[in-house]
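Shown next, in structure tokens, is the structure this report addresses.
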Amino acid sequence: MAKPIAVGGTSSSRFVYGTTILLLICSITACSALYADEAGVNDFVIRTAGHGQIGVRYASLIEHHHLATNNDDESDSSRVWVTSQSHEFPGAVSDGHHHHRPAASTGDVTNNFDHIIGKILISTSEEDNSSSCSIAGRDVTSGQVLWRVNACSSSAAAIVKSNGDEFTPRHVTLASSTYANVVYSLDNMGVFRGWNSTDGMLQLDIDLFQQISSEKDQVGNLFPDGIPRLLDTSHPRIIGTVVVTEGGNDESLVLLDTKTGQPIPPSSSKEEITPLLTLSAKSLLVKAKVSKKKYDTARIVDVMFVKEDTNNSNNKKHHPGHLVVFVAWSSTNHEISAPKNMQVTKSISSFSSMAWIDVKLKEVIQTSEPPEASAPKSEDYDDWSTTLIKSISYSYDVVKAVPLNVDGVGSTTPLLLSSLRKAVSSDNTNSNNSLSLLAIAASTSQLLLANNVSTNGGGVGRSYEIDMLHPHWRFIDTISIPQVVGNVATLTIAGVDDRYPSSRRIESLFLLSVNGTEGNENPFYRVYGSEKKSDEETLHSAVVLCPTFESRGLVVTALEDEKVGGDDIVVAISYVLNDGKTAWSSKTFDGDSTIVPSVRGGASSIGRNDRAHLLECSEQSMTVAFTTTGGMTSTFRFETSSSVMKSTKLWTSEEALASVSSAVFLDETHAMVTLSDSQEEAVNADYEEEKALRNLQFSSRIQMQLESLKDGIFGGGLISSLKSVVIMSDEKKAERDIAFGFAKVAVLLSETMHRVVALDTMKRNVIWSMNLHSGASWHKIVHGGQFISLNDPHGNGGVNDHEMLAMSYITGASTSLEWKCFDGLSGRTFSGDTLPVKAAISQIVPLRTTSHQPHHHDTSGCRQVALLVHSDNTVSVIPDTARSRAIVDEAVLAAGKNGLFVHSIDKRTGEFRSQVVTRKAGSDSFDLVTVGTTVFDPSQETIVNVAYPRRGEVIQSPSTVLGDESLLLKYLNPHLVVVVTEATPTFFSEINPDADEESANGFYNSLSTGSSTEKKRKPLGAAKSGEGTTGVTNIAAPSIFVSLLDSVSGQILHRVSHSHVDSASQLLKATHVPVVVSENWVVYTYFNQRTRRTDVGVLTLHEGMIDKNGITAFTAPEQEIAFSSLESAKPIVLSRTFGLAKAVSALGVTSTKAGISSKQFMFATGNDQVISFDQRFLDPRRPNGDLKESEKMEGLMKYSPMLPIIPFLTPSHILEVSSVQSISSASAHVESQSLVLAFGGPDIFFSRVSPSKGFDLLPDDFNRGLLTVVVVGLLVALNVIQRMNKKKMVKEFWS
């Protein structure tokens, strides 16, 4: 009889124990939950130097020395690396407006950088050039961007010449430790600024042209050829610049005080009312009696500071010294040869046409009584015991002007004036300085040297043929003098080897004895790679020397290693200079020495090393930064450890992040499981993508959960979970973030840098990068499909599908399309090809199979497919395989009986064309049939923007519940297209109301509503299908039009207009109108010139209303279940316009997993912030009067014309996010969370926001420990009660 009781008790105990264990596991699992107090902790900003497409052109190292404090025994120092896109040589003579004339058509694609041709090919759009005025300061050790400033004063960021492909930097940068840790900039508007090199704070802001202009000036001052220059004089208080009068051929030198920014006057002009603040080059040449010969322009060449000889001076306190000014007669229209049979114009001169000008400096010192001995010391004290210097100002006098008499070879040989460089001995202690001048001959095949130039203008001339410099050079490119140690100058001279399809730049190292040599010994010699000169076949793209390394010197070079993986990988190779010899011996690095980790294809000009910059040089180590034309900066430290040459990569910076044009989110939450032997045979082990997709299947997920439960009970997971109750480790938090879907990889495309970069949003770093063809006109990334949800659980085209397609459109002698199929998580390329294109591509339609069958990659196939619509009404498929065409057939069948519709937009002609894709009978090709056409007359309006709904957006409900429980039906058209047009200046002038405003108003209203008859506003839902709500009658000419089109029927669904300008001249520049479409909402912004504010337009589209009693258990309104673009009625449109006090550069909207959370619209503002507005703020149904009870129940707010900027609705918080061009979002696995990425400018901003707050998050004060104690207590109590009950039952039974 006890047996049944025992059995029953055992069954009951099992149930109780099982339930309790589940509760305990649940309580422990709560430790991995998401908490509301974690909001914002995962937000980050990746700051770049902001140099975008142009890249690093100018770089300088500044060392800060901090004096020792009372607590420190030694002084501290830090180094800041200042970079800019301005000219590499800020004081070099400009070459004017280059005219490029090909001698023969070659059909080659020009490289992005060509120093001989003197141009940089760029995109002419303002968005691409918006960052071309950036100056940045980086920490040398960590690579962190300490500060970044905009050095340009006007709105335009660059000068694009008439040929449309030449970029001229609009500012010049000069940074040096000589100038008291201040970085100076000068833009082409004449604004001279000084920036603190530590934090980028503005210290000087001077209008140069205003300072040097006088009432007697008949013409204004300009910079020669519109290009500013800053001349490094090496004097800590003086910087030079050059101006010219408009239309003149006489340049003038202006000396600027670096402390005040004011021009320095000549001493002789102090008594004049308006002193002349410039030195005329023509007058100086005349004073030096230098003949013009065949030259016609007087130019300022360079300035250098020479200290006063104080050996015999009684007063050694103040010796301002002299300035030596070099001036020359020049010709600006000389044609020279360049690579690929190009002819360009350059400024030329010769040593015999130059003059040496001696300018004596004078100090004006104001002093006061000496301070008390106990007074604290200050930097203003010159002599502590006698004089306190209050301020110092300068003046100058021209004391001597002599011709530059260079004896020997090359004195009369024409030279490129922009290539002239000076080398001054570092032993600069008296007036007997050693000086050498180097320049490239006008033939570009000869190097000219004026050595040991003296104060009387004399010197020794030499010339070196290009074959003596390097046997493979065809043209000499640039001369750089990075350092002078004693009387020996280190030179890096670059030449161009045009034997290849793309010209290659090769650098070589040379040494120069500045003070000359005895007898006929050559003072200039090359440092070869070995005593046998075996390095001539090695293409060194960059060379840098550290002369003090281990007292012998260390040379680091960059070259292409074509043996590594078959890719163009650039590596660093070191050489140690032999004692007293001109050769180096090779040393092997122990460590990472890869400058560009992987370029993965692309043209040769992208991803290749461009320059090497010496950041640190000592006897123990050497730090070098390599910059590439692909936008990556890599910094290494080289040192000797245990007789082994060791290289350590300190940091890398992906500058392509500063010009991202599009982004695609991928989910990283694939937990891999071990496959069985049969599964391993079915799925090749090389294809991780196939394994990941298999793990998404239901059976695999159940298997993973069982394995996890088994590990928790028997593998120690339970104990580790108990430990994490008190403290959550970083590893546990990372696992939690993966489980909640926060682990995303953003695949970013930089079209201007021709590069794809993958950013891990959890680790906040770049995980891989890939180069695209540098000669392409555009690039696109294709991912997903027309009928695929972004959250597809099977990974077919959604965030779980990592297979992507990159396409590059290449124009030239022939038009082609290069495509690559790659994995978005690893960057691995599966396949690729280049195909000819017969007609321009007008539309790209992404397609993706919905089949779950495994797919093995081959050399020509890809799971992702793109359907290309061409301008000649033909279509093609990429990749062009039978499987791809089968995917197109699958998409046609999925589209339904009407077929697969595509469309194209020609912004030039304003034509919008809707077409349907059909398969040709008995053929593998497809046909296009035009269904509808809409034309925006280009003589009246131009298309400025086109926007589409978010593909795969999850819509939780097709209606909105109002406060009175009625339903407002949403108009959900997946084929909606928003086209924003702007009136042309001519058309605006014609329709602008000057006289008969009353008659004109009807015409303006007809432009926006389609009818000139004024209609009364009807109650919501009472309007007939296709009718829109009319707003306030226009009283000004419309200038912006927002049109809603159906891409299937091609018809206009609705059209609204706005007036944002007063005159036609304000329409010469296109207005930036960002647009975002979400569900049935259309939000757009534009700057209103009339009101001087940003206007935010909101349109909501509806089908109608259903009364609260319209749907019952017995009645229901008649509704179409399926939407048809050809048969469904037009929407009812509600509109409102709000004002915003900030300029807006980009719009975005949040997205969540199930679409339950409310929407937040993201705005990127002109003050470098990303702000958000709940959709209730933008609701066009906000009433003007007091709220009714039903409106309060619905949550509506009273209308206010201005949108408030609320600090706690600013996701960027205190972070600065500059020049954002796009905002994308992705959903997490938690409904309340949305992931937002802002990009397009020099900063990348990532944030996790909660549009509806944390309704599914644990509260901040959730007591996990108490929950665990309660569960454990319940377990103990149940066990005790069960035992007591068992004893009682047994006792009662036996009694």
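Chain lettering (A, B, ...) mirrors the order of the structure tokens, residue numbering begins at 1 for each chain separately, and ligand numbering begins at 1 in order of display.
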>> Using only C-alpha atoms, which protein or nucleic acid residues come within 6 Å of Ser1212 in chain A? Drop anything in the same chain fewer than 3 positions from it, and give the result as a list in words.
In response: Gln1169, Val1170 and Leu1215 of chain A
Which residues are near Ser769 in chain A? Cut-off 7 Å, only C-alpha atoms, ignore same chain within fewer than 3 positions. Put them as an mmCIF file with N, CA and C atoms, in the first residue's frame.
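This went into selection_3.cif:
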data_model
loop_
_atom_site.group_PDB
_atom_site.id
_atom_site.type_symbol
_atom_site.label_atom_id
_atom_site.label_comp_id
_atom_site.auth_asym_id
_atom_site.auth_seq_id
_atom_site.Cartn_x
_atom_site.Cartn_y
_atom_site.Cartn_z
ATOM 1 N N VAL A 756 35.229 49.644 -49.989
ATOM 2 C CA VAL A 756 34.196 49.073 -49.127
ATOM 3 C C VAL A 756 34.844 48.743 -47.788
ATOM 4 N N VAL A 757 34.214 49.182 -46.711
ATOM 5 C CA VAL A 757 34.752 48.998 -45.366
ATOM 6 C C VAL A 757 33.677 48.359 -44.499
ATOM 7 N N ALA A 758 34.051 47.379 -43.698
ATOM 8 C CA ALA A 758 33.125 46.715 -42.772
ATOM 9 C C ALA A 758 33.439 47.162 -41.358
ATOM 10 N N GLY A 827 34.610 39.624 -45.711
ATOM 11 C CA GLY A 827 35.233 40.287 -46.830
ATOM 12 C C GLY A 827 35.763 39.350 -47.893
#
>> Considering only strand (DSSP E) as DSSP defines it on the backbone, what residues of range 860-919 of chain A qualify? List them as a PyMOL selection string.
In response: chain A and resi 864-870+875-878+900-906+911-919
Selected residues, N, CA and C atoms, written as a PDB file, in the first residue's frame, please.
ATOM      1  N   GLN A 864      23.362  36.427 -54.581  1.00  0.00           N
ATOM      2  CA  GLN A 864      22.755  37.743 -54.781  1.00  0.00           C
ATOM      3  C   GLN A 864      22.755  38.090 -56.272  1.00  0.00           C
ATOM      4  N   VAL A 865      21.619  38.571 -56.758  1.00  0.00           N
ATOM      5  CA  VAL A 865      21.468  38.865 -58.185  1.00  0.00           C
ATOM      6  C   VAL A 865      21.003  40.307 -58.337  1.00  0.00           C
ATOM      7  N   ALA A 866      21.429  40.939 -59.410  1.00  0.00           N
ATOM      8  CA  ALA A 866      20.990  42.295 -59.729  1.00  0.00           C
ATOM      9  C   ALA A 866      20.443  42.320 -61.151  1.00  0.00           C
ATOM     10  N   LEU A 867      19.254  42.907 -61.296  1.00  0.00           N
ATOM     11  CA  LEU A 867      18.644  43.098 -62.608  1.00  0.00           C
ATOM     12  C   LEU A 867      18.906  44.532 -63.031  1.00  0.00           C
ATOM     13  N   LEU A 868      19.589  44.712 -64.149  1.00  0.00           N
ATOM     14  CA  LEU A 868      19.985  46.038 -64.617  1.00  0.00           C
ATOM     15  C   LEU A 868      19.038  46.513 -65.705  1.00  0.00           C
ATOM     16  N   VAL A 869      18.510  47.712 -65.523  1.00  0.00           N
ATOM     17  CA  VAL A 869      17.659  48.348 -66.530  1.00  0.00           C
ATOM     18  C   VAL A 869      18.503  49.377 -67.267  1.00  0.00           C
ATOM     19  N   HIS A 870      18.571  49.244 -68.593  1.00  0.00           N
ATOM     20  CA  HIS A 870      19.427  50.114 -69.393  1.00  0.00           C
ATOM     21  C   HIS A 870      18.610  51.220 -70.060  1.00  0.00           C
ATOM     22  N   VAL A 875      17.295  44.920 -70.618  1.00  0.00           N
ATOM     23  CA  VAL A 875      17.675  44.495 -69.273  1.00  0.00           C
ATOM     24  C   VAL A 875      18.774  43.459 -69.374  1.00  0.00           C
ATOM     25  N   SER A 876      19.568  43.385 -68.316  1.00  0.00           N
ATOM     26  CA  SER A 876      20.603  42.362 -68.214  1.00  0.00           C
ATOM     27  C   SER A 876      20.655  41.891 -66.769  1.00  0.00           C
ATOM     28  N   VAL A 877      21.276  40.749 -66.569  1.00  0.00           N
ATOM     29  CA  VAL A 877      21.332  40.131 -65.257  1.00  0.00           C
ATOM     30  C   VAL A 877      22.787  39.976 -64.844  1.00  0.00           C
ATOM     31  N   ILE A 878      23.083  40.330 -63.584  1.00  0.00           N
ATOM     32  CA  ILE A 878      24.408  40.168 -63.008  1.00  0.00           C
ATOM     33  C   ILE A 878      24.271  39.287 -61.770  1.00  0.00           C
ATOM     34  N   LEU A 900       6.634  41.586 -63.059  1.00  0.00           N
ATOM     35  CA  LEU A 900       7.619  42.315 -62.272  1.00  0.00           C
ATOM     36  C   LEU A 900       7.803  43.706 -62.868  1.00  0.00           C
ATOM     37  N   PHE A 901       7.492  44.731 -62.076  1.00  0.00           N
ATOM     38  CA  PHE A 901       7.581  46.110 -62.552  1.00  0.00           C
ATOM     39  C   PHE A 901       8.892  46.740 -62.092  1.00  0.00           C
ATOM     40  N   VAL A 902       9.489  47.496 -62.982  1.00  0.00           N
ATOM     41  CA  VAL A 902      10.678  48.286 -62.692  1.00  0.00           C
ATOM     42  C   VAL A 902      10.429  49.699 -63.210  1.00  0.00           C
ATOM     43  N   HIS A 903      11.308  50.598 -62.888  1.00  0.00           N
ATOM     44  CA  HIS A 903      11.163  51.963 -63.371  1.00  0.00           C
ATOM     45  C   HIS A 903      12.535  52.594 -63.526  1.00  0.00           C
ATOM     46  N   SER A 904      12.578  53.690 -64.220  1.00  0.00           N
ATOM     47  CA  SER A 904      13.822  54.434 -64.418  1.00  0.00           C
ATOM     48  C   SER A 904      13.506  55.921 -64.370  1.00  0.00           C
ATOM     49  N   ILE A 905      14.495  56.696 -63.912  1.00  0.00           N
ATOM     50  CA  ILE A 905      14.362  58.147 -63.808  1.00  0.00           C
ATOM     51  C   ILE A 905      15.564  58.787 -64.477  1.00  0.00           C
ATOM     52  N   ASP A 906      15.295  59.628 -65.422  1.00  0.00           N
ATOM     53  CA  ASP A 906      16.345  60.398 -66.093  1.00  0.00           C
ATOM     54  C   ASP A 906      16.277  61.819 -65.558  1.00  0.00           C
ATOM     55  N   GLU A 911      12.331  62.548 -67.113  1.00  0.00           N
ATOM     56  CA  GLU A 911      11.376  61.506 -67.490  1.00  0.00           C
ATOM     57  C   GLU A 911      11.365  60.382 -66.460  1.00  0.00           C
ATOM     58  N   PHE A 912      10.170  60.062 -65.990  1.00  0.00           N
ATOM     59  CA  PHE A 912       9.944  58.916 -65.099  1.00  0.00           C
ATOM     60  C   PHE A 912       9.186  57.862 -65.901  1.00  0.00           C
ATOM     61  N   ARG A 913       9.770  56.683 -66.035  1.00  0.00           N
ATOM     62  CA  ARG A 913       9.187  55.649 -66.892  1.00  0.00           C
ATOM     63  C   ARG A 913       8.964  54.381 -66.087  1.00  0.00           C
ATOM     64  N   SER A 914       7.741  53.867 -66.139  1.00  0.00           N
ATOM     65  CA  SER A 914       7.384  52.607 -65.490  1.00  0.00           C
ATOM     66  C   SER A 914       7.339  51.507 -66.537  1.00  0.00           C
ATOM     67  N   GLN A 915       7.976  50.357 -66.220  1.00  0.00           N
ATOM     68  CA  GLN A 915       8.090  49.269 -67.182  1.00  0.00           C
ATOM     69  C   GLN A 915       7.878  47.942 -66.490  1.00  0.00           C
ATOM     70  N   VAL A 916       7.516  46.936 -67.288  1.00  0.00           N
ATOM     71  CA  VAL A 916       7.308  45.596 -66.770  1.00  0.00           C
ATOM     72  C   VAL A 916       8.270  44.649 -67.480  1.00  0.00           C
ATOM     73  N   VAL A 917       8.811  43.699 -66.706  1.00  0.00           N
ATOM     74  CA  VAL A 917       9.797  42.743 -67.223  1.00  0.00           C
ATOM     75  C   VAL A 917       9.080  41.466 -67.640  1.00  0.00           C
ATOM     76  N   THR A 918       9.346  41.039 -68.839  1.00  0.00           N
ATOM     77  CA  THR A 918       8.768  39.788 -69.346  1.00  0.00           C
ATOM     78  C   THR A 918       9.869  38.960 -69.980  1.00  0.00           C
ATOM     79  N   ARG A 919       9.658  37.666 -69.965  1.00  0.00           N
ATOM     80  CA  ARG A 919      10.625  36.753 -70.568  1.00  0.00           C
ATOM     81  C   ARG A 919      10.292  36.564 -72.038  1.00  0.00           C
TER      82      ARG A 919
END
> Can you tell me how far CA of Asp1243 in chain A sits from CA of Val82 in chain A, in Å to one decimal?
Replying inline: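 Atom-to-atom, CA of Asp1243 in chain A and CA of Val82 in chain A are spaced 17.7 Å apart.
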Excluding Lys970 in chain A and residues on its chain fewer than 5 positions from it, collect all residues at most 10 Å away from it, counting only C-alpha atoms, and give them as a PDB file with N, CA, C and O atoms, in the first residue's frame.
ATOM      1  N   SER A 957       0.578  47.515 -37.933  1.00  0.00           N
ATOM      2  CA  SER A 957      -0.871  47.625 -38.113  1.00  0.00           C
ATOM      3  C   SER A 957      -1.160  48.471 -39.344  1.00  0.00           C
ATOM      4  O   SER A 957      -0.476  49.480 -39.574  1.00  0.00           O
ATOM      5  N   PRO A 958      -2.164  48.096 -40.125  1.00  0.00           N
ATOM      6  CA  PRO A 958      -2.510  48.897 -41.312  1.00  0.00           C
ATOM      7  C   PRO A 958      -3.391  50.096 -40.988  1.00  0.00           C
ATOM      8  O   PRO A 958      -3.853  50.775 -41.902  1.00  0.00           O
ATOM      9  N   SER A 959      -3.660  50.358 -39.713  1.00  0.00           N
ATOM     10  CA  SER A 959      -4.535  51.469 -39.348  1.00  0.00           C
ATOM     11  C   SER A 959      -4.058  52.086 -38.050  1.00  0.00           C
ATOM     12  O   SER A 959      -3.257  51.502 -37.315  1.00  0.00           O
ATOM     13  N   THR A 960      -4.579  53.277 -37.780  1.00  0.00           N
ATOM     14  CA  THR A 960      -4.299  53.988 -36.538  1.00  0.00           C
ATOM     15  C   THR A 960      -5.592  54.120 -35.754  1.00  0.00           C
ATOM     16  O   THR A 960      -6.614  54.567 -36.299  1.00  0.00           O
ATOM     17  N   GLU A1079       6.366  53.814 -43.694  1.00  0.00           N
ATOM     18  CA  GLU A1079       4.949  53.422 -43.714  1.00  0.00           C
ATOM     19  C   GLU A1079       4.171  54.391 -44.603  1.00  0.00           C
ATOM     20  O   GLU A1079       4.432  54.493 -45.791  1.00  0.00           O
ATOM     21  N   ASN A1080       3.229  55.146 -44.014  1.00  0.00           N
ATOM     22  CA  ASN A1080       2.447  56.104 -44.810  1.00  0.00           C
ATOM     23  C   ASN A1080       2.871  57.543 -44.534  1.00  0.00           C
ATOM     24  O   ASN A1080       2.131  58.477 -44.796  1.00  0.00           O
ATOM     25  N   TRP A1081       4.090  57.720 -44.017  1.00  0.00           N
ATOM     26  CA  TRP A1081       4.605  59.044 -43.691  1.00  0.00           C
ATOM     27  C   TRP A1081       5.685  59.443 -44.703  1.00  0.00           C
ATOM     28  O   TRP A1081       6.519  58.627 -45.100  1.00  0.00           O
ATOM     29  N   THR A1100       1.101  62.674 -44.611  1.00  0.00           N
ATOM     30  CA  THR A1100       0.620  61.339 -44.226  1.00  0.00           C
ATOM     31  C   THR A1100      -0.458  60.918 -45.204  1.00  0.00           C
ATOM     32  O   THR A1100      -1.339  61.700 -45.559  1.00  0.00           O
ATOM     33  N   LEU A1101      -0.389  59.683 -45.660  1.00  0.00           N
ATOM     34  CA  LEU A1101      -1.275  59.155 -46.696  1.00  0.00           C
ATOM     35  C   LEU A1101      -2.269  58.183 -46.070  1.00  0.00           C
ATOM     36  O   LEU A1101      -1.876  57.312 -45.280  1.00  0.00           O
ATOM     37  N   HIS A1102      -3.538  58.334 -46.436  1.00  0.00           N
ATOM     38  CA  HIS A1102      -4.594  57.515 -45.843  1.00  0.00           C
ATOM     39  C   HIS A1102      -5.570  57.058 -46.924  1.00  0.00           C
ATOM     40  O   HIS A1102      -5.732  57.703 -47.962  1.00  0.00           O
ATOM     41  N   GLU A1103      -6.228  55.916 -46.627  1.00  0.00           N
ATOM     42  CA  GLU A1103      -7.277  55.411 -47.503  1.00  0.00           C
ATOM     43  C   GLU A1103      -8.648  55.925 -47.081  1.00  0.00           C
ATOM     44  O   GLU A1103      -9.561  56.014 -47.887  1.00  0.00           O
ATOM     45  N   GLY A1104      -8.823  56.260 -45.818  1.00  0.00           N
ATOM     46  CA  GLY A1104     -10.101  56.734 -45.308  1.00  0.00           C
ATOM     47  C   GLY A1104     -10.246  56.381 -43.853  1.00  0.00           C
ATOM     48  O   GLY A1104      -9.257  56.110 -43.152  1.00  0.00           O
ATOM     49  N   MET A1105     -11.484  56.401 -43.378  1.00  0.00           N
ATOM     50  CA  MET A1105     -11.762  56.112 -41.981  1.00  0.00           C
ATOM     51  C   MET A1105     -12.841  55.040 -41.859  1.00  0.00           C
ATOM     52  O   MET A1105     -13.674  54.874 -42.743  1.00  0.00           O
ATOM     53  N   PRO A1131      -4.541  58.248 -52.671  1.00  0.00           N
ATOM     54  CA  PRO A1131      -4.644  58.438 -51.224  1.00  0.00           C
ATOM     55  C   PRO A1131      -5.224  59.803 -50.849  1.00  0.00           C
ATOM     56  O   PRO A1131      -5.228  60.748 -51.634  1.00  0.00           O
ATOM     57  N   ILE A1132      -5.713  59.867 -49.627  1.00  0.00           N
ATOM     58  CA  ILE A1132      -6.065  61.133 -48.996  1.00  0.00           C
ATOM     59  C   ILE A1132      -4.817  61.602 -48.253  1.00  0.00           C
ATOM     60  O   ILE A1132      -4.259  60.861 -47.444  1.00  0.00           O
TER      61      ILE A1132
END
>> For range 439-449 of chain A, find every residue with an atom within 6 Å (counting only C-alpha atoms), except residues of its own chain fewer than 5 positions away, and show them as a list in words.
In response: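 Once the nearby chain positions are removed, what remains is Pro414, Leu415, Leu416, Ser419, Leu420, Gly461, Arg462, Ser463, Tyr464, Glu465, Ile466, Phe475 and Ile476 of chain A.
We find CA of Met1284 in chain A and CA of Val1272 in chain A to be spaced 18.6 Å apart.
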> Of the residues A:Val1249, A:Ile573, A:Val954, A:Val660, which is the one nearest to Phe638 in chain A, using only C-alpha atoms?
Replying inline: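 Nearest candidate to Phe638 in chain A out of A:Val1249, A:Ile573, A:Val954, A:Val660: A:Ile573.
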> Leaving out Phe223 in chain A and any residue of its chain fewer than 6 positions from it, which residues lie within 12 Å of it when counting only C-alpha atoms, given as a ChimeraX atom specification?
Replying inline: /A:93-94,96,170-172,186-191,208-209,229-230,241-254,299-300
>> Could you check the closest approach to Leu614 in chain A for each of A:Ser60, A:Gln1175, A:Ser966, A:Thr258 and tell me which residue wins, using only C-alpha atoms?
In response: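 Among A:Ser60, A:Gln1175, A:Ser966, A:Thr258, it is A:Ser60 that comes nearest to Leu614 in chain A.
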